[in-house]
Amino acid sequence: MVTGEGEVREGVQVVGDYLDRIQRLMPPPDQVPRVDWSAAPLLAGFQVPSDYRAFVDRYGAGRVGDELRVFTPLMSGAWCGAANGFEAMTGFTEHEVGRAMREMREDRPESFPFSFHPEPDGLLAWARNPNSDACFWHMDGPDPDAWPVYVWNRGGRGAAAWSRHDDGMTGVVHGALTGAGPLRRLLASSTPEKRHAWFPDA
């Protein structure tokens with residue numbers, strides 16, 4: 001199901017007006033470092049969704065509302081022992097949240113009904129807040145623009161802790177900024193004066 005407006009392909013929101021609506025709520029920085037997205041298939045092993053690429057091109061690396069950390073290839077390549085920024089971006093799933101969830105899946109498979117990158121068709125994290133709520137793409141096909149987003153609410157119970165969103169990364173960020181449904185939790189600890197601000201990495 002598509003929950004927002006904009007260009008749609010295969011039932012999933014791709015680059016459309018979400019990014020412009022985000023910018024009206026949360027002004028971007030004047031300048032951001034550039035990412036060579038053509039290197040992603042070689043360095044990460046896959047390309048990432050186009051709306052995410054457009055978001056990073058406009059905002060760079062940082063946090064929504066000083067709360068929701070967006071993982072990008074602009075992260076330090078030394079993080080998680082990565083050789084480059086793309087490996088650092090995926091390393092959070094492989095070495096931290098994904099590893100933890102794989103371990104919890106062994107005891108509670110009904111609560112973690114997914115595989116996690118680098119497992120085939122796994123979830124790949126693209127954001128997390130200090131409460132450990134996390135946003136993932138479900139890499140269930142060759143077209144990254146058709147990957148749904150799953151948000152994990154750490155305070156949820158069982159499989160109900162997961163919510164699926166078919167309007168892409170920018171649709172989820174917009175939902176967090178506007179306080180739409182369960183997505184408001186992603187910025188729950190952000191103060192009113194910070195909620196609609198982007199906090200770039202130094």
# chains A, B, ... in the order shown; residues from 1 in each chain; ligands from 1

call {"tool": "select_by_dssp", "arguments": {"residues": "segment 100-178 of chain A", "states": "helix (DSSP H, G or I)", "output": "mmCIF file with all heavy atoms, in the first residue's frame"}}
result
data_model
loop_
_atom_site.group_PDB
_atom_site.id
_atom_site.type_symbol
_atom_site.label_atom_id
_atom_site.label_comp_id
_atom_site.auth_asym_id
_atom_site.auth_seq_id
_atom_site.Cartn_x
_atom_site.Cartn_y
_atom_site.Cartn_z
ATOM 1 N N ALA A 100 22.912 -8.652 16.691
ATOM 2 C CA ALA A 100 22.092 -8.779 17.899
ATOM 3 C C ALA A 100 20.737 -9.407 17.591
ATOM 4 O O ALA A 100 20.247 -10.270 18.332
ATOM 5 C CB ALA A 100 21.910 -7.418 18.560
ATOM 6 N N MET A 101 20.122 -8.989 16.484
ATOM 7 C CA MET A 101 18.808 -9.520 16.146
ATOM 8 C C MET A 101 18.887 -10.977 15.684
ATOM 9 O O MET A 101 17.961 -11.761 15.931
ATOM 10 C CB MET A 101 18.145 -8.637 15.088
ATOM 11 C CG MET A 101 17.693 -7.301 15.651
ATOM 12 S SD MET A 101 16.731 -6.325 14.474
ATOM 13 C CE MET A 101 16.132 -5.009 15.545
ATOM 14 N N ARG A 102 19.964 -11.348 15.033
ATOM 15 C CA ARG A 102 20.136 -12.762 14.676
ATOM 16 C C ARG A 102 20.232 -13.620 15.934
ATOM 17 O O ARG A 102 19.666 -14.725 15.987
ATOM 18 C CB ARG A 102 21.376 -12.942 13.803
ATOM 19 C CG ARG A 102 21.209 -12.472 12.369
ATOM 20 C CD ARG A 102 22.365 -12.894 11.488
ATOM 21 N NE ARG A 102 23.595 -12.193 11.812
ATOM 22 C CZ ARG A 102 23.966 -11.028 11.258
ATOM 23 N NH1 ARG A 102 23.183 -10.451 10.357
ATOM 24 N NH2 ARG A 102 25.103 -10.458 11.601
ATOM 25 N N GLU A 103 20.916 -13.109 16.939
ATOM 26 C CA GLU A 103 21.030 -13.864 18.193
ATOM 27 C C GLU A 103 19.675 -13.956 18.897
ATOM 28 O O GLU A 103 19.301 -15.024 19.401
ATOM 29 C CB GLU A 103 22.066 -13.197 19.098
ATOM 30 C CG GLU A 103 23.490 -13.306 18.563
ATOM 31 C CD GLU A 103 24.484 -12.504 19.381
ATOM 32 O OE1 GLU A 103 24.044 -11.769 20.299
ATOM 33 O OE2 GLU A 103 25.699 -12.612 19.109
ATOM 34 N N MET A 104 18.918 -12.831 18.920
ATOM 35 C CA MET A 104 17.597 -12.860 19.554
ATOM 36 C C MET A 104 16.617 -13.721 18.768
ATOM 37 O O MET A 104 15.722 -14.346 19.347
ATOM 38 C CB MET A 104 17.061 -11.429 19.700
ATOM 39 C CG MET A 104 17.815 -10.614 20.734
ATOM 40 S SD MET A 104 17.072 -8.988 21.063
ATOM 41 C CE MET A 104 17.468 -8.104 19.548
ATOM 42 N N ARG A 105 16.810 -13.807 17.460
ATOM 43 C CA ARG A 105 15.950 -14.636 16.613
ATOM 44 C C ARG A 105 16.052 -16.115 16.982
ATOM 45 O O ARG A 105 15.084 -16.866 16.844
ATOM 46 C CB ARG A 105 16.331 -14.415 15.154
ATOM 47 C CG ARG A 105 15.422 -15.096 14.137
ATOM 48 C CD ARG A 105 15.902 -14.813 12.723
ATOM 49 N NE ARG A 105 17.252 -15.312 12.517
ATOM 50 C CZ ARG A 105 18.031 -14.970 11.487
ATOM 51 N NH1 ARG A 105 17.595 -14.101 10.593
ATOM 52 N NH2 ARG A 105 19.240 -15.472 11.354
ATOM 53 N N GLU A 106 17.223 -16.532 17.449
ATOM 54 C CA GLU A 106 17.395 -17.935 17.832
ATOM 55 C C GLU A 106 16.476 -18.304 18.990
ATOM 56 O O GLU A 106 15.951 -19.414 19.045
ATOM 57 C CB GLU A 106 18.850 -18.196 18.210
ATOM 58 C CG GLU A 106 19.823 -18.067 17.040
ATOM 59 C CD GLU A 106 21.251 -18.332 17.455
ATOM 60 O OE1 GLU A 106 21.479 -18.669 18.645
ATOM 61 O OE2 GLU A 106 22.152 -18.186 16.608
ATOM 62 N N ASP A 107 16.255 -17.369 19.925
ATOM 63 C CA ASP A 107 15.391 -17.633 21.080
ATOM 64 C C ASP A 107 13.939 -17.253 20.817
ATOM 65 O O ASP A 107 13.025 -17.875 21.366
ATOM 66 C CB ASP A 107 15.898 -16.849 22.299
ATOM 67 C CG ASP A 107 17.278 -17.295 22.742
ATOM 68 O OD1 ASP A 107 17.582 -18.495 22.609
ATOM 69 O OD2 ASP A 107 18.046 -16.437 23.206
ATOM 70 N N PRO A 144 16.324 -1.778 -6.004
ATOM 71 C CA PRO A 144 16.288 -1.147 -4.676
ATOM 72 C C PRO A 144 15.110 -0.197 -4.479
ATOM 73 O O PRO A 144 14.686 0.020 -3.347
ATOM 74 C CB PRO A 144 17.629 -0.408 -4.595
ATOM 75 C CG PRO A 144 18.074 -0.244 -6.000
ATOM 76 C CD PRO A 144 17.544 -1.421 -6.755
ATOM 77 N N ASP A 145 14.575 0.367 -5.581
ATOM 78 C CA ASP A 145 13.433 1.268 -5.439
ATOM 79 C C ASP A 145 12.143 0.514 -5.128
ATOM 80 O O ASP A 145 11.117 1.146 -4.834
ATOM 81 C CB ASP A 145 13.252 2.101 -6.706
ATOM 82 C CG ASP A 145 14.300 3.197 -6.818
ATOM 83 O OD1 ASP A 145 14.840 3.598 -5.775
ATOM 84 O OD2 ASP A 145 14.584 3.634 -7.947
ATOM 85 N N ALA A 146 12.193 -0.806 -5.172
ATOM 86 C CA ALA A 146 11.024 -1.608 -4.812
ATOM 87 C C ALA A 146 11.148 -2.214 -3.418
ATOM 88 O O ALA A 146 10.284 -2.976 -2.996
ATOM 89 C CB ALA A 146 10.810 -2.724 -5.843
ATOM 90 N N GLY A 158 6.751 -8.770 20.302
ATOM 91 C CA GLY A 158 6.685 -9.776 19.261
ATOM 92 C C GLY A 158 6.741 -9.178 17.871
ATOM 93 O O GLY A 158 7.368 -8.148 17.621
ATOM 94 N N ALA A 159 6.043 -9.827 16.947
ATOM 95 C CA ALA A 159 6.032 -9.365 15.563
ATOM 96 C C ALA A 159 5.358 -8.007 15.426
ATOM 97 O O ALA A 159 5.585 -7.290 14.439
ATOM 98 C CB ALA A 159 5.338 -10.396 14.679
ATOM 99 N N ALA A 160 4.530 -7.613 16.405
ATOM 100 C CA ALA A 160 3.845 -6.316 16.349
ATOM 101 C C ALA A 160 4.819 -5.145 16.508
ATOM 102 O O ALA A 160 4.447 -3.997 16.268
ATOM 103 C CB ALA A 160 2.772 -6.238 17.427
ATOM 104 N N ALA A 161 6.066 -5.433 16.900
ATOM 105 C CA ALA A 161 7.063 -4.370 17.001
ATOM 106 C C ALA A 161 7.496 -3.875 15.624
ATOM 107 O O ALA A 161 8.097 -2.801 15.518
ATOM 108 C CB ALA A 161 8.282 -4.867 17.771
ATOM 109 N N GLY A 168 8.992 4.337 0.936
ATOM 110 C CA GLY A 168 10.419 4.600 0.873
ATOM 111 C C GLY A 168 11.000 5.293 2.091
ATOM 112 O O GLY A 168 10.308 5.643 3.048
ATOM 113 N N MET A 169 12.307 5.491 2.021
ATOM 114 C CA MET A 169 13.029 6.136 3.113
ATOM 115 C C MET A 169 12.517 7.549 3.348
ATOM 116 O O MET A 169 12.272 7.958 4.489
ATOM 117 C CB MET A 169 14.526 6.151 2.767
ATOM 118 C CG MET A 169 15.417 6.887 3.765
ATOM 119 S SD MET A 169 15.715 8.605 3.329
ATOM 120 C CE MET A 169 17.034 9.016 4.476
ATOM 121 N N THR A 170 12.321 8.315 2.271
ATOM 122 C CA THR A 170 11.881 9.699 2.454
ATOM 123 C C THR A 170 10.449 9.775 2.974
ATOM 124 O O THR A 170 10.112 10.697 3.721
ATOM 125 C CB THR A 170 12.016 10.495 1.150
ATOM 126 O OG1 THR A 170 11.373 9.786 0.085
ATOM 127 C CG2 THR A 170 13.479 10.732 0.804
ATOM 128 N N GLY A 171 9.620 8.795 2.632
ATOM 129 C CA GLY A 171 8.270 8.766 3.190
ATOM 130 C C GLY A 171 8.292 8.536 4.685
ATOM 131 O O GLY A 171 7.504 9.128 5.434
ATOM 132 N N VAL A 172 9.209 7.683 5.144
ATOM 133 C CA VAL A 172 9.325 7.413 6.579
ATOM 134 C C VAL A 172 9.869 8.637 7.312
ATOM 135 O O VAL A 172 9.372 9.004 8.391
ATOM 136 C CB VAL A 172 10.208 6.175 6.817
ATOM 137 C CG1 VAL A 172 10.586 6.038 8.289
ATOM 138 C CG2 VAL A 172 9.484 4.912 6.347
ATOM 139 N N VAL A 173 10.883 9.279 6.760
ATOM 140 C CA VAL A 173 11.420 10.493 7.399
ATOM 141 C C VAL A 173 10.344 11.565 7.473
ATOM 142 O O VAL A 173 10.182 12.231 8.507
ATOM 143 C CB VAL A 173 12.659 11.003 6.643
ATOM 144 C CG1 VAL A 173 13.079 12.378 7.163
ATOM 145 C CG2 VAL A 173 13.812 10.021 6.797
ATOM 146 N N HIS A 174 9.573 11.731 6.394
ATOM 147 C CA HIS A 174 8.495 12.714 6.415
ATOM 148 C C HIS A 174 7.461 12.350 7.475
ATOM 149 O O HIS A 174 6.964 13.229 8.203
ATOM 150 C CB HIS A 174 7.841 12.800 5.037
ATOM 151 C CG HIS A 174 6.761 13.827 4.945
ATOM 152 N ND1 HIS A 174 5.425 13.513 5.104
ATOM 153 C CD2 HIS A 174 6.808 15.176 4.740
ATOM 154 C CE1 HIS A 174 4.706 14.613 4.994
ATOM 155 N NE2 HIS A 174 5.513 15.632 4.775
ATOM 156 N N GLY A 175 7.122 11.074 7.591
ATOM 157 C CA GLY A 175 6.177 10.642 8.613
ATOM 158 C C GLY A 175 6.676 10.907 10.018
ATOM 159 O O GLY A 175 5.895 11.287 10.908
ATOM 160 N N ALA A 176 7.986 10.728 10.236
ATOM 161 C CA ALA A 176 8.553 11.026 11.551
ATOM 162 C C ALA A 176 8.475 12.520 11.851
ATOM 163 O O ALA A 176 8.155 12.931 12.972
ATOM 164 C CB ALA A 176 10.000 10.541 11.617
ATOM 165 N N LEU A 177 8.757 13.350 10.855
ATOM 166 C CA LEU A 177 8.731 14.796 11.054
ATOM 167 C C LEU A 177 7.320 15.313 11.330
ATOM 168 O O LEU A 177 7.145 16.273 12.084
ATOM 169 C CB LEU A 177 9.304 15.498 9.823
ATOM 170 C CG LEU A 177 10.819 15.405 9.633
ATOM 171 C CD1 LEU A 177 11.196 15.892 8.236
ATOM 172 C CD2 LEU A 177 11.557 16.204 10.693
ATOM 173 N N THR A 178 6.328 14.689 10.711
ATOM 174 C CA THR A 178 4.945 15.153 10.879
ATOM 175 C C THR A 178 4.218 14.421 11.996
ATOM 176 O O THR A 178 3.057 14.728 12.278
ATOM 177 C CB THR A 178 4.165 14.989 9.566
ATOM 178 O OG1 THR A 178 4.196 13.611 9.153
ATOM 179 C CG2 THR A 178 4.764 15.859 8.466
#

call {"tool": "closest_atom_pairs", "arguments": {"of": "segment 65-122 of chain A", "to": "segment 21-41 of chain A", "cutoff": "8 Å", "atoms": "only C-alpha atoms", "output": "Markdown table"}}
result
| residue | atom | partner | partner_atom | distance |
| --- | --- | --- | --- | --- |
| A:Pro73 | CA | A:Val35 | CA | 7.1 |
| A:Leu74 | CA | A:Val35 | CA | 7.3 |
| A:Phe86 | CA | A:Ala40 | CA | 6.7 |

call {"tool": "atom_distance", "arguments": {"atom1": "atom CA of Leu68 of chain A", "atom2": "atom CA of Ser115 of chain A"}}
result
23.2 Å

call {"tool": "closest_residue", "arguments": {"among": "A:Asp57, A:Pro182, A:Asp121, A:Phe71", "to": "Gly156 of chain A", "atoms": "only C-alpha atoms"}}
result
A:Pro182

call {"tool": "closest_atom_pairs", "arguments": {"of": "segment 16-115 of chain A", "to": "segment 187-194 of chain A", "cutoff": "8 Å", "atoms": "only C-alpha atoms", "output": "Markdown table"}}
result
| residue | atom | partner | partner_atom | distance |
| --- | --- | --- | --- | --- |
| A:Val64 | CA | A:Leu187 | CA | 7.9 |
| A:Gly65 | CA | A:Lys194 | CA | 5.0 |
| A:Asp66 | CA | A:Lys194 | CA | 6.6 |
| A:Glu67 | CA | A:Ser190 | CA | 6.0 |
| A:Leu68 | CA | A:Leu187 | CA | 6.6 |

call {"tool": "write_last_selection", "arguments": {"atoms": "C-alpha atoms", "output": "short mmCIF file (atom, residue, chain, number, x, y, z; two decimals), in the first residue's frame"}}
result
data_model
loop_
_atom_site.label_atom_id
_atom_site.label_comp_id
_atom_site.auth_asym_id
_atom_site.auth_seq_id
_atom_site.Cartn_x
_atom_site.Cartn_y
_atom_site.Cartn_z
CA VAL A 64 16.97 14.28 11.96
CA GLY A 65 15.82 16.28 14.98
CA ASP A 66 19.17 15.54 16.66
CA GLU A 67 17.59 12.12 17.22
CA LEU A 68 17.34 9.87 14.16
#
